[in-house]
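Here is the structure we will look at.
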Amino acid sequence: KHSPHVAWRKVADEAVILDVDTANYYSLGGTGLRVWELLSKAAAEADLTAELEDEFEASPGTIARDVRELLAALRKERLVEPA
């Protein structure tokens with residue numbers, strides 16, 4: 001799920017994310033935006049992958065890898081935390 005110290009808005013076709021603790025801004029577009037939107041529902045990694053497999057034309061292995069890598073990057077920046 002999104003960390004409690006994060007504020008965000010969808011602007012055009014991207015998520016603009018602010019870490020209010022550090023004042024760092026981030027943006028996610030495309031599939032990253034969709035993952036971020038799904039995380040607002042505190043979705044598990046498997047649920048995110050399944051949802052994206054239904055929405056996008058890519059191999060399940062590619063989607064799973066990309067979701068795993070994005071979540072790792074978001075965790076590293078402390079933008080998400082376990083639900």
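By order of appearance in the structure tokens: chains A, B, ..., then residues from 1 within every chain, and ligands from 1 in the order shown.
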As a ChimeraX atom specification, please: the residues near region 73-79 of chain A (cut-off 8 Å, only C-alpha atoms, same-chain neighbours under 6 positions excluded).
/A:2-3,5-6,19
Output as a CSV table (one decimal) with all heavy atoms, in the first residue's frame all residues of chain A that backbone DSSP marks as helix (DSSP H, G or I).
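Printed below is selection_36.csv as written:
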chain,number,residue,atom,x,y,z
A,30,GLY,N,2.4,5.5,-17.6
A,30,GLY,CA,2.1,4.2,-18.3
A,30,GLY,C,1.7,3.2,-17.3
A,30,GLY,O,0.8,3.4,-16.4
A,31,THR,N,2.3,2.0,-17.4
A,31,THR,CA,2.0,0.9,-16.5
A,31,THR,C,2.3,1.2,-15.1
A,31,THR,O,1.6,0.8,-14.2
A,31,THR,CB,2.7,-0.4,-17.0
A,31,THR,OG1,2.5,-0.6,-18.4
A,31,THR,CG2,2.3,-1.6,-16.2
A,32,GLY,N,3.3,2.0,-14.8
A,32,GLY,CA,3.7,2.4,-13.5
A,32,GLY,C,2.6,3.2,-12.8
A,32,GLY,O,2.3,3.0,-11.6
A,33,LEU,N,1.9,4.0,-13.6
A,33,LEU,CA,0.7,4.8,-13.1
A,33,LEU,C,-0.4,3.8,-12.7
A,33,LEU,O,-1.0,3.9,-11.6
A,33,LEU,CB,0.2,5.7,-14.1
A,33,LEU,CG,-1.2,6.3,-13.8
A,33,LEU,CD1,-1.2,7.1,-12.6
A,33,LEU,CD2,-1.6,7.2,-15.0
A,34,ARG,N,-0.6,2.8,-13.5
A,34,ARG,CA,-1.7,1.8,-13.2
A,34,ARG,C,-1.3,1.0,-12.0
A,34,ARG,O,-2.2,0.8,-11.1
A,34,ARG,CB,-1.8,0.9,-14.4
A,34,ARG,CG,-3.0,-0.1,-14.3
A,34,ARG,CD,-4.3,0.7,-14.2
A,34,ARG,NE,-5.4,-0.2,-13.9
A,34,ARG,CZ,-6.3,-0.1,-12.9
A,34,ARG,NH1,-6.3,1.0,-12.2
A,34,ARG,NH2,-7.2,-1.0,-12.8
A,35,VAL,N,-0.1,0.6,-11.8
A,35,VAL,CA,0.3,-0.1,-10.6
A,35,VAL,C,0.1,0.8,-9.4
A,35,VAL,O,-0.5,0.4,-8.4
A,35,VAL,CB,1.8,-0.5,-10.7
A,35,VAL,CG1,2.3,-1.0,-9.3
A,35,VAL,CG2,2.0,-1.6,-11.7
A,36,TRP,N,0.5,2.1,-9.5
A,36,TRP,CA,0.3,3.0,-8.4
A,36,TRP,C,-1.2,3.1,-8.0
A,36,TRP,O,-1.6,3.1,-6.8
A,36,TRP,CB,0.9,4.3,-8.7
A,36,TRP,CG,0.9,5.3,-7.5
A,36,TRP,CD1,0.1,6.3,-7.3
A,36,TRP,CD2,1.8,5.3,-6.4
A,36,TRP,NE1,0.3,6.9,-6.1
A,36,TRP,CE2,1.4,6.3,-5.6
A,36,TRP,CE3,2.9,4.5,-6.1
A,36,TRP,CZ2,2.1,6.6,-4.4
A,36,TRP,CZ3,3.5,4.7,-4.9
A,36,TRP,CH2,3.1,5.8,-4.0
A,37,GLU,N,-2.0,3.2,-9.0
A,37,GLU,CA,-3.5,3.3,-8.8
A,37,GLU,C,-4.0,2.1,-8.1
A,37,GLU,O,-4.8,2.2,-7.1
A,37,GLU,CB,-4.2,3.6,-10.1
A,37,GLU,CG,-4.0,4.9,-10.7
A,37,GLU,CD,-4.7,5.1,-12.1
A,37,GLU,OE1,-4.7,4.1,-12.8
A,37,GLU,OE2,-5.1,6.2,-12.4
A,38,LEU,N,-3.6,0.9,-8.5
A,38,LEU,CA,-4.0,-0.3,-7.9
A,38,LEU,C,-3.5,-0.4,-6.4
A,38,LEU,O,-4.2,-1.0,-5.6
A,38,LEU,CB,-3.5,-1.5,-8.7
A,38,LEU,CG,-4.2,-1.7,-10.1
A,38,LEU,CD1,-3.5,-2.8,-10.9
A,38,LEU,CD2,-5.7,-2.0,-9.9
A,39,LEU,N,-2.3,0.1,-6.2
A,39,LEU,CA,-1.8,0.1,-4.8
A,39,LEU,C,-2.7,1.0,-3.8
A,39,LEU,O,-2.6,0.8,-2.6
A,39,LEU,CB,-0.4,0.6,-4.8
A,39,LEU,CG,0.7,-0.4,-5.3
A,39,LEU,CD1,2.0,0.3,-5.4
A,39,LEU,CD2,0.8,-1.6,-4.3
A,45,GLU,N,1.1,-8.2,-4.4
A,45,GLU,CA,1.9,-8.3,-5.7
A,45,GLU,C,1.2,-9.2,-6.7
A,45,GLU,O,1.1,-8.9,-7.9
A,45,GLU,CB,3.3,-8.7,-5.4
A,45,GLU,CG,4.2,-8.7,-6.6
A,45,GLU,CD,5.6,-9.0,-6.3
A,45,GLU,OE1,6.1,-8.7,-5.2
A,45,GLU,OE2,6.3,-9.6,-7.2
A,46,ALA,N,0.7,-10.4,-6.2
A,46,ALA,CA,0.1,-11.3,-7.1
A,46,ALA,C,-1.2,-10.7,-7.7
A,46,ALA,O,-1.5,-11.0,-8.9
A,46,ALA,CB,-0.2,-12.6,-6.3
A,47,ASP,N,-1.9,-10.0,-6.9
A,47,ASP,CA,-3.2,-9.3,-7.4
A,47,ASP,C,-2.8,-8.3,-8.4
A,47,ASP,O,-3.5,-8.1,-9.5
A,47,ASP,CB,-3.9,-8.7,-6.3
A,47,ASP,CG,-4.4,-9.7,-5.2
A,47,ASP,OD1,-4.6,-10.9,-5.6
A,47,ASP,OD2,-4.5,-9.3,-4.0
A,48,LEU,N,-1.8,-7.5,-8.2
A,48,LEU,CA,-1.3,-6.5,-9.2
A,48,LEU,C,-1.0,-7.2,-10.5
A,48,LEU,O,-1.4,-6.7,-11.6
A,48,LEU,CB,-0.1,-5.7,-8.7
A,48,LEU,CG,-0.3,-4.8,-7.5
A,48,LEU,CD1,1.1,-4.3,-7.0
A,48,LEU,CD2,-1.2,-3.7,-7.8
A,49,THR,N,-0.2,-8.2,-10.4
A,49,THR,CA,0.2,-8.9,-11.6
A,49,THR,C,-1.0,-9.5,-12.4
A,49,THR,O,-1.1,-9.3,-13.6
A,49,THR,CB,1.2,-10.1,-11.2
A,49,THR,OG1,2.3,-9.5,-10.6
A,49,THR,CG2,1.7,-10.8,-12.5
A,50,ALA,N,-1.9,-10.1,-11.7
A,50,ALA,CA,-3.1,-10.7,-12.3
A,50,ALA,C,-3.9,-9.6,-13.0
A,50,ALA,O,-4.4,-9.8,-14.1
A,50,ALA,CB,-3.9,-11.4,-11.3
A,51,GLU,N,-4.1,-8.5,-12.3
A,51,GLU,CA,-4.9,-7.3,-12.9
A,51,GLU,C,-4.2,-6.8,-14.2
A,51,GLU,O,-4.8,-6.6,-15.2
A,51,GLU,CB,-5.0,-6.2,-11.9
A,51,GLU,CG,-5.8,-5.0,-12.3
A,51,GLU,CD,-7.3,-5.3,-12.3
A,51,GLU,OE1,-7.8,-6.1,-11.5
A,51,GLU,OE2,-8.0,-4.6,-13.1
A,52,LEU,N,-2.9,-6.7,-14.1
A,52,LEU,CA,-2.1,-6.1,-15.3
A,52,LEU,C,-2.1,-7.1,-16.4
A,52,LEU,O,-2.2,-6.8,-17.6
A,52,LEU,CB,-0.7,-5.8,-14.9
A,52,LEU,CG,-0.6,-4.6,-13.9
A,52,LEU,CD1,0.8,-4.4,-13.5
A,52,LEU,CD2,-1.2,-3.3,-14.6
A,53,GLU,N,-2.1,-8.4,-16.1
A,53,GLU,CA,-2.2,-9.5,-17.2
A,53,GLU,C,-3.5,-9.4,-17.9
A,53,GLU,O,-3.5,-9.6,-19.1
A,53,GLU,CB,-2.0,-10.8,-16.6
A,53,GLU,CG,-0.6,-11.2,-16.2
A,53,GLU,CD,-0.5,-12.5,-15.4
A,53,GLU,OE1,-1.5,-13.1,-15.2
A,53,GLU,OE2,0.7,-12.9,-15.1
A,54,ASP,N,-4.6,-9.0,-17.2
A,54,ASP,CA,-5.9,-8.8,-17.9
A,54,ASP,C,-5.9,-7.5,-18.7
A,54,ASP,O,-6.7,-7.5,-19.7
A,54,ASP,CB,-7.0,-8.7,-16.8
A,54,ASP,CG,-7.2,-10.1,-16.2
A,54,ASP,OD1,-6.8,-11.1,-16.7
A,54,ASP,OD2,-7.9,-10.1,-15.1
A,55,GLU,N,-5.2,-6.5,-18.4
A,55,GLU,CA,-5.2,-5.2,-19.0
A,55,GLU,C,-4.2,-5.0,-20.1
A,55,GLU,O,-4.5,-4.2,-21.0
A,55,GLU,CB,-5.1,-4.1,-18.0
A,55,GLU,CG,-6.2,-4.0,-17.0
A,55,GLU,CD,-6.0,-2.9,-16.0
A,55,GLU,OE1,-5.3,-1.9,-16.3
A,55,GLU,OE2,-6.5,-3.0,-14.8
A,60,PRO,N,3.0,-13.1,-19.2
A,60,PRO,CA,2.9,-13.1,-17.7
A,60,PRO,C,4.2,-13.0,-17.0
A,60,PRO,O,4.3,-12.3,-16.0
A,60,PRO,CB,2.2,-14.4,-17.4
A,60,PRO,CG,1.4,-14.8,-18.7
A,60,PRO,CD,2.3,-14.3,-19.8
A,61,GLY,N,5.2,-13.6,-17.5
A,61,GLY,CA,6.5,-13.6,-16.9
A,61,GLY,C,7.1,-12.2,-16.9
A,61,GLY,O,7.7,-11.7,-16.0
A,62,THR,N,6.9,-11.5,-18.1
A,62,THR,CA,7.4,-10.1,-18.2
A,62,THR,C,6.7,-9.2,-17.2
A,62,THR,O,7.3,-8.3,-16.5
A,62,THR,CB,7.2,-9.6,-19.6
A,62,THR,OG1,8.0,-10.4,-20.5
A,62,THR,CG2,7.6,-8.1,-19.8
A,63,ILE,N,5.4,-9.3,-17.1
A,63,ILE,CA,4.6,-8.5,-16.2
A,63,ILE,C,5.0,-8.7,-14.8
A,63,ILE,O,5.2,-7.8,-14.0
A,63,ILE,CB,3.0,-8.7,-16.5
A,63,ILE,CG1,2.6,-8.2,-17.8
A,63,ILE,CG2,2.2,-8.1,-15.3
A,63,ILE,CD1,1.2,-8.5,-18.2
A,64,ALA,N,5.1,-10.0,-14.4
A,64,ALA,CA,5.5,-10.3,-13.0
A,64,ALA,C,6.8,-9.7,-12.7
A,64,ALA,O,7.0,-9.2,-11.6
A,64,ALA,CB,5.5,-11.9,-12.8
A,65,ARG,N,7.8,-9.9,-13.6
A,65,ARG,CA,9.1,-9.3,-13.4
A,65,ARG,C,9.1,-7.8,-13.2
A,65,ARG,O,9.7,-7.2,-12.3
A,65,ARG,CB,10.1,-9.7,-14.5
A,65,ARG,CG,11.5,-9.2,-14.3
A,65,ARG,CD,12.4,-9.3,-15.5
A,65,ARG,NE,11.9,-8.3,-16.4
A,65,ARG,CZ,11.6,-8.6,-17.7
A,65,ARG,NH1,11.7,-9.8,-18.2
A,65,ARG,NH2,11.2,-7.6,-18.5
A,66,ASP,N,8.3,-7.1,-14.1
A,66,ASP,CA,8.3,-5.7,-14.1
A,66,ASP,C,7.6,-5.2,-12.8
A,66,ASP,O,8.0,-4.2,-12.2
A,66,ASP,CB,7.5,-5.1,-15.3
A,66,ASP,CG,8.4,-5.3,-16.6
A,66,ASP,OD1,9.5,-5.7,-16.5
A,66,ASP,OD2,7.8,-5.1,-17.7
A,67,VAL,N,6.5,-5.8,-12.4
A,67,VAL,CA,5.8,-5.5,-11.1
A,67,VAL,C,6.8,-5.6,-10.0
A,67,VAL,O,6.9,-4.8,-9.1
A,67,VAL,CB,4.5,-6.3,-10.9
A,67,VAL,CG1,4.0,-6.1,-9.5
A,67,VAL,CG2,3.5,-5.9,-12.0
A,68,ARG,N,7.5,-6.8,-9.9
A,68,ARG,CA,8.4,-7.0,-8.8
A,68,ARG,C,9.5,-5.9,-8.8
A,68,ARG,O,9.8,-5.4,-7.7
A,68,ARG,CB,9.0,-8.4,-9.0
A,68,ARG,CG,9.9,-8.9,-7.9
A,68,ARG,CD,10.3,-10.4,-8.0
A,68,ARG,NE,10.6,-10.8,-9.4
A,68,ARG,CZ,9.8,-11.6,-10.2
A,68,ARG,NH1,8.6,-12.0,-9.7
A,68,ARG,NH2,10.1,-11.9,-11.4
A,69,GLU,N,10.1,-5.6,-9.9
A,69,GLU,CA,11.1,-4.5,-10.0
A,69,GLU,C,10.6,-3.2,-9.6
A,69,GLU,O,11.3,-2.4,-8.9
A,69,GLU,CB,11.7,-4.5,-11.4
A,69,GLU,CG,12.6,-5.7,-11.7
A,69,GLU,CD,13.1,-5.7,-13.1
A,69,GLU,OE1,12.8,-4.8,-13.9
A,69,GLU,OE2,13.8,-6.7,-13.5
A,70,LEU,N,9.4,-2.8,-10.0
A,70,LEU,CA,8.8,-1.5,-9.7
A,70,LEU,C,8.5,-1.5,-8.2
A,70,LEU,O,8.9,-0.5,-7.5
A,70,LEU,CB,7.5,-1.3,-10.5
A,70,LEU,CG,6.8,0.0,-10.1
A,70,LEU,CD1,7.7,1.3,-10.3
A,70,LEU,CD2,5.5,0.2,-10.9
A,71,LEU,N,8.0,-2.5,-7.6
A,71,LEU,CA,7.7,-2.5,-6.2
A,71,LEU,C,9.0,-2.4,-5.4
A,71,LEU,O,9.0,-1.8,-4.4
A,71,LEU,CB,6.9,-3.8,-5.8
A,71,LEU,CG,5.4,-3.8,-6.3
A,71,LEU,CD1,4.8,-5.1,-5.9
A,71,LEU,CD2,4.6,-2.6,-5.8
A,72,ALA,N,10.0,-3.1,-5.8
A,72,ALA,CA,11.3,-3.0,-5.1
A,72,ALA,C,11.8,-1.6,-5.1
A,72,ALA,O,12.3,-1.1,-4.1
A,72,ALA,CB,12.3,-4.0,-5.8
A,73,ALA,N,11.7,-0.9,-6.3
A,73,ALA,CA,12.2,0.5,-6.4
A,73,ALA,C,11.3,1.4,-5.5
A,73,ALA,O,11.8,2.3,-4.8
A,73,ALA,CB,12.1,1.0,-7.8
A,74,LEU,N,10.0,1.2,-5.4
A,74,LEU,CA,9.1,2.0,-4.6
A,74,LEU,C,9.4,1.7,-3.1
A,74,LEU,O,9.4,2.7,-2.3
A,74,LEU,CB,7.6,1.7,-4.9
A,74,LEU,CG,7.2,2.1,-6.3
A,74,LEU,CD1,5.8,1.6,-6.6
A,74,LEU,CD2,7.2,3.6,-6.5
A,75,ARG,N,9.7,0.5,-2.8
A,75,ARG,CA,10.0,0.2,-1.4
A,75,ARG,C,11.4,0.9,-1.0
A,75,ARG,O,11.5,1.4,0.1
A,75,ARG,CB,10.2,-1.3,-1.2
A,75,ARG,CG,8.9,-2.0,-1.0
A,75,ARG,CD,9.1,-3.5,-0.6
A,75,ARG,NE,8.0,-4.3,-1.1
A,75,ARG,CZ,8.1,-5.1,-2.2
A,75,ARG,NH1,9.2,-5.2,-2.9
A,75,ARG,NH2,7.0,-5.7,-2.6
A,76,LYS,N,12.3,0.8,-1.9
A,76,LYS,CA,13.6,1.4,-1.6
A,76,LYS,C,13.5,2.9,-1.3
A,76,LYS,O,14.1,3.5,-0.5
A,76,LYS,CB,14.6,1.2,-2.8
A,76,LYS,CG,15.9,1.8,-2.6
A,76,LYS,CD,16.8,1.5,-3.8
A,76,LYS,CE,18.2,2.2,-3.6
A,76,LYS,NZ,19.0,2.1,-4.8
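The strand (DSSP E) portion of chain A consists of Val6, Ala7, Trp8, Arg9, Lys10, Val11, Glu14, Ala15, Val16, Ile17, Leu18, Asp19, Asn24, Tyr25, Tyr26, Ser27, Leu28 and Gly29 of chain A, with states taken from DSSP on the backbone.
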Those residues with all heavy atoms, as a compact mmCIF listing (two decimals), in the first residue's frame please?
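Contents of out07.txt, freshly written:
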# COMPACT_ATOMS: atom_id res chain seq x y z
N VAL A 6 3.11 9.83 2.08
CA VAL A 6 3.13 10.10 0.64
C VAL A 6 1.80 10.75 0.23
O VAL A 6 0.73 10.30 0.62
CB VAL A 6 3.34 8.79 -0.14
CG1 VAL A 6 3.11 8.98 -1.63
CG2 VAL A 6 4.73 8.25 0.10
N ALA A 7 1.92 11.82 -0.55
CA ALA A 7 0.75 12.46 -1.15
C ALA A 7 0.92 12.35 -2.66
O ALA A 7 2.04 12.41 -3.17
CB ALA A 7 0.66 13.92 -0.73
N TRP A 8 -0.19 12.20 -3.38
CA TRP A 8 -0.06 12.06 -4.82
C TRP A 8 -1.33 12.53 -5.53
O TRP A 8 -2.39 12.63 -4.92
CB TRP A 8 0.26 10.63 -5.22
CG TRP A 8 -0.90 9.68 -5.12
CD1 TRP A 8 -1.39 9.11 -3.98
CD2 TRP A 8 -1.70 9.19 -6.19
NE1 TRP A 8 -2.44 8.29 -4.28
CE2 TRP A 8 -2.65 8.32 -5.64
CE3 TRP A 8 -1.70 9.40 -7.56
CZ2 TRP A 8 -3.60 7.66 -6.41
CZ3 TRP A 8 -2.64 8.74 -8.33
CH2 TRP A 8 -3.57 7.88 -7.76
N ARG A 9 -1.16 12.86 -6.79
CA ARG A 9 -2.26 13.22 -7.67
C ARG A 9 -1.98 12.68 -9.05
O ARG A 9 -0.83 12.60 -9.47
CB ARG A 9 -2.40 14.72 -7.79
CG ARG A 9 -3.04 15.36 -6.62
CD ARG A 9 -3.75 16.62 -7.06
NE ARG A 9 -4.17 17.30 -5.87
CZ ARG A 9 -5.39 17.24 -5.39
NH1 ARG A 9 -6.31 16.58 -6.02
NH2 ARG A 9 -5.71 17.87 -4.30
N LYS A 10 -3.05 12.36 -9.75
CA LYS A 10 -2.92 12.00 -11.16
C LYS A 10 -3.00 13.29 -11.95
O LYS A 10 -3.96 14.06 -11.83
CB LYS A 10 -4.04 11.04 -11.56
CG LYS A 10 -3.91 10.57 -12.98
CD LYS A 10 -4.98 9.55 -13.31
CE LYS A 10 -4.88 9.14 -14.77
NZ LYS A 10 -5.94 8.18 -15.12
N VAL A 11 -1.97 13.55 -12.73
CA VAL A 11 -1.91 14.74 -13.58
C VAL A 11 -1.69 14.25 -15.00
O VAL A 11 -0.65 13.64 -15.29
CB VAL A 11 -0.77 15.69 -13.15
CG1 VAL A 11 -0.71 16.90 -14.06
CG2 VAL A 11 -0.94 16.10 -11.69
N GLU A 14 0.07 10.71 -15.72
CA GLU A 14 1.09 10.27 -14.78
C GLU A 14 0.67 10.54 -13.34
O GLU A 14 -0.20 11.37 -13.08
CB GLU A 14 2.44 10.92 -15.07
CG GLU A 14 2.50 12.40 -14.78
CD GLU A 14 3.89 12.98 -15.06
OE1 GLU A 14 4.79 12.28 -15.53
OE2 GLU A 14 4.06 14.16 -14.79
N ALA A 15 1.28 9.81 -12.43
CA ALA A 15 1.10 10.05 -11.01
C ALA A 15 2.26 10.94 -10.56
O ALA A 15 3.42 10.62 -10.82
CB ALA A 15 1.12 8.74 -10.23
N VAL A 16 1.93 12.04 -9.92
CA VAL A 16 2.94 12.91 -9.33
C VAL A 16 2.90 12.63 -7.83
O VAL A 16 1.87 12.81 -7.19
CB VAL A 16 2.67 14.39 -9.64
CG1 VAL A 16 3.71 15.27 -8.97
CG2 VAL A 16 2.66 14.62 -11.15
N ILE A 17 4.01 12.17 -7.31
CA ILE A 17 4.08 11.65 -5.93
C ILE A 17 5.04 12.51 -5.13
O ILE A 17 6.14 12.82 -5.58
CB ILE A 17 4.57 10.19 -5.95
CG1 ILE A 17 3.68 9.33 -6.86
CG2 ILE A 17 4.63 9.62 -4.54
CD1 ILE A 17 4.33 8.04 -7.31
N LEU A 18 4.61 12.89 -3.93
CA LEU A 18 5.45 13.68 -3.02
C LEU A 18 5.65 12.90 -1.73
O LEU A 18 4.68 12.50 -1.08
CB LEU A 18 4.79 15.03 -2.71
CG LEU A 18 5.42 15.83 -1.57
CD1 LEU A 18 6.84 16.27 -1.94
CD2 LEU A 18 4.56 17.03 -1.21
N ASP A 19 6.90 12.70 -1.37
CA ASP A 19 7.23 12.17 -0.06
C ASP A 19 7.30 13.38 0.87
O ASP A 19 8.23 14.17 0.78
CB ASP A 19 8.56 11.43 -0.10
CG ASP A 19 8.96 10.83 1.23
OD1 ASP A 19 8.58 11.38 2.29
OD2 ASP A 19 9.69 9.82 1.22
N ASN A 24 10.85 15.00 -1.58
CA ASN A 24 11.22 14.48 -2.90
C ASN A 24 9.97 14.21 -3.73
O ASN A 24 8.99 13.67 -3.20
CB ASN A 24 12.04 13.19 -2.77
CG ASN A 24 13.42 13.43 -2.24
OD1 ASN A 24 14.02 14.47 -2.46
ND2 ASN A 24 13.94 12.45 -1.53
N TYR A 25 10.05 14.59 -5.00
CA TYR A 25 8.97 14.33 -5.94
C TYR A 25 9.34 13.17 -6.85
O TYR A 25 10.50 13.00 -7.22
CB TYR A 25 8.71 15.55 -6.83
CG TYR A 25 7.91 16.63 -6.16
CD1 TYR A 25 8.54 17.65 -5.48
CD2 TYR A 25 6.52 16.63 -6.24
CE1 TYR A 25 7.81 18.66 -4.87
CE2 TYR A 25 5.78 17.63 -5.63
CZ TYR A 25 6.44 18.64 -4.95
OH TYR A 25 5.71 19.63 -4.35
N TYR A 26 8.33 12.41 -7.25
CA TYR A 26 8.51 11.29 -8.16
C TYR A 26 7.35 11.34 -9.16
O TYR A 26 6.30 11.93 -8.88
CB TYR A 26 8.45 9.95 -7.41
CG TYR A 26 9.44 9.85 -6.29
CD1 TYR A 26 9.15 10.34 -5.03
CD2 TYR A 26 10.68 9.25 -6.49
CE1 TYR A 26 10.07 10.24 -3.99
CE2 TYR A 26 11.60 9.14 -5.46
CZ TYR A 26 11.28 9.65 -4.21
OH TYR A 26 12.19 9.55 -3.20
N SER A 27 7.53 10.68 -10.28
CA SER A 27 6.42 10.55 -11.22
C SER A 27 6.44 9.15 -11.82
O SER A 27 7.50 8.54 -11.98
CB SER A 27 6.49 11.60 -12.32
OG SER A 27 7.60 11.40 -13.15
N LEU A 28 5.26 8.66 -12.10
CA LEU A 28 5.09 7.36 -12.74
C LEU A 28 4.09 7.52 -13.87
O LEU A 28 3.03 8.12 -13.69
CB LEU A 28 4.53 6.32 -11.75
CG LEU A 28 5.43 5.86 -10.62
CD1 LEU A 28 4.64 5.03 -9.62
CD2 LEU A 28 6.58 5.05 -11.18
N GLY A 29 4.42 7.00 -15.01
CA GLY A 29 3.52 7.03 -16.15
C GLY A 29 3.26 5.63 -16.66
O GLY A 29 3.86 4.66 -16.20
Interatomic distance (Å, one decimal) between CA of Lys41 (chain A) and CA of Asp21 (chain A)
22.3 Å
